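Novice: Quick one: the structure is below, questions incoming.
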Amino acid sequence: MNEDIKKIIKQKGYWRVVIRPTQPFYRVDRFDISELAKIIEDNQVRLRGWYYPHISRNDIKIIEQNAISNECKFEGYIEYWEFITSGQFAHIFSMKEDYIIDKQKADEIKSDFAFNKDKAKDINKFFETVSTVYKFTEIYLFASNLAQLKEYEDVNEFEIIIELNDVKDRLLFTWDRDRDLWSPYICNFDNGKIPFSEIYKKDDLIAKFDFYSLEKVIKTFQFFGWENPNEQVLQGDQKKLLERRL
């Protein structure tokens, strides 16, 4: 376990993801450790320039007798994941916005609202809407890919945990110049964390990963105070990703 990369990731905003069979289907020996790297590679989601999960192929390491890990640090992309012979995948990765938005860009974002600009004047953390659609969709598609493996034939349920960390006083925005957020939407969660934890029937997860991921996107935006995001527009963003039309 590389504590250094984890510490770096946790210094700013970050995502935490866990995908695993539920407890009744736990088996420590579901996979042989020699199979783990290929499983991640074969089921990786490759819909845009940065795949999910990212794999630095020369840095896949056996860290215990039952686990492998991988990490990367490239500009705003800082990631660490582990995959265990029990079938549990765990991943933490940076909120890229915290690394690529300088003061000039932050000032542009905060000045771009038609109403209530003053609410955003002291904000210095940001969360981009379209990339959020992409990331939730990729996570759920990856989980769906894993769920279809023959090694999970005896598994009827999967748990998916997704946490967004350091979200207090973080502002929604969009890179898309053809759409507007008219007023600042800012997360005010005192504990600084948006947590999701759901159990899904395997067949439902495989068939409806797109629906479940979009459900989490909308709920996330609502936690920022955006009560009625346009679901049709978000579905359009998701469809472009899934059809590789970005």
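We name chains A, B, ... following the order of the structure tokens; residues begin at 1 in each chain, and ligands are numbered from 1 as shown.
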When you look at A:Leu164 with a cut-off of 8 Å (counting only C-alpha atoms), what residues show up, excluding the ones that are within fewer than 3 positions of it in the same chain? I need them as number ranges by chain.
Specialist: A: 13-16, 167, 193-195
Novice: Extract, using only C-alpha atoms, all DNA, RNA and protein residues at most 8 Å from stretch 99-107 of chain A, discarding same-chain residues fewer than 6 positions from it, and format them as an NGL selection string.
Specialist: :A and (75-76 or 124)
Novice: Go ahead and compute the interatomic distance for atom CA of A:Ser213 and atom CA of A:Asp98, in Å to one decimal.
Specialist: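 Computing the Euclidean distance for atom CA of A:Ser213 and atom CA of A:Asp98 yields 23.1 Å.
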Novice: Might you pull out every residue within 12 Å of A:Trp226, with only C-alpha atoms counted and same-chain residues fewer than 3 positions away left off, and present them as a list in words?
Specialist: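 Surrounding residues, per the criterion: Thr129, Leu171, Leu172, Phe173, Leu181, Trp182, Ser183, Pro184, Tyr185, Ile186, Cys187, Val217, Ile218, Lys219, Thr220, Phe221, Gln222, Phe223, Pro229 and Asn230 of chain A.
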Novice: Quick one: pick out all helix (DSSP H, G or I) residues within stretch 144-221 of chain A from a backbone DSSP run and write them as an mmCIF file with C-alpha atoms, in the first residue's frame.
Specialist:
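Dumped everything to selection_18.cif:
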```
data_model
loop_
_atom_site.group_PDB
_atom_site.id
_atom_site.type_symbol
_atom_site.label_atom_id
_atom_site.label_comp_id
_atom_site.auth_asym_id
_atom_site.auth_seq_id
_atom_site.Cartn_x
_atom_site.Cartn_y
_atom_site.Cartn_z
ATOM 1 C CA SER A 144 -21.509 -3.640 -15.060
ATOM 2 C CA ASN A 145 -18.574 -5.073 -17.014
ATOM 3 C CA LEU A 146 -17.210 -6.782 -13.912
ATOM 4 C CA ALA A 147 -20.631 -8.148 -12.968
ATOM 5 C CA LYS A 150 -18.179 -15.871 -15.256
ATOM 6 C CA GLU A 151 -16.400 -15.796 -11.889
ATOM 7 C CA TYR A 152 -19.401 -13.862 -10.519
ATOM 8 C CA LYS A 202 -26.664 -8.092 -10.669
ATOM 9 C CA ASP A 203 -29.053 -8.261 -13.626
ATOM 10 C CA ASP A 204 -30.349 -4.760 -12.894
ATOM 11 C CA LEU A 205 -26.829 -3.339 -12.656
ATOM 12 C CA ILE A 206 -25.895 -4.869 -16.013
ATOM 13 C CA ALA A 207 -29.065 -3.743 -17.771
ATOM 14 C CA PHE A 209 -26.051 1.014 -15.356
ATOM 15 C CA ASP A 210 -26.804 4.178 -17.363
ATOM 16 C CA PHE A 211 -30.002 4.865 -15.422
ATOM 17 C CA TYR A 212 -28.372 4.281 -12.038
ATOM 18 C CA SER A 213 -25.380 6.480 -12.849
ATOM 19 C CA LEU A 214 -27.556 9.358 -14.050
ATOM 20 C CA GLU A 215 -29.647 9.009 -10.909
ATOM 21 C CA LYS A 216 -26.504 9.655 -8.848
ATOM 22 C CA VAL A 217 -25.505 12.605 -11.037
ATOM 23 C CA ILE A 218 -28.843 14.316 -10.470
ATOM 24 C CA LYS A 219 -28.752 13.625 -6.746
ATOM 25 C CA THR A 220 -25.226 15.063 -6.549
ATOM 26 C CA PHE A 221 -26.297 18.276 -8.265
#
```
Novice: Separation of atom CA of A:Ile78 and atom CA of A:Gly225, in Å?
Specialist: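 Between atom CA of A:Ile78 and atom CA of A:Gly225 the gap is 28.0 Å.
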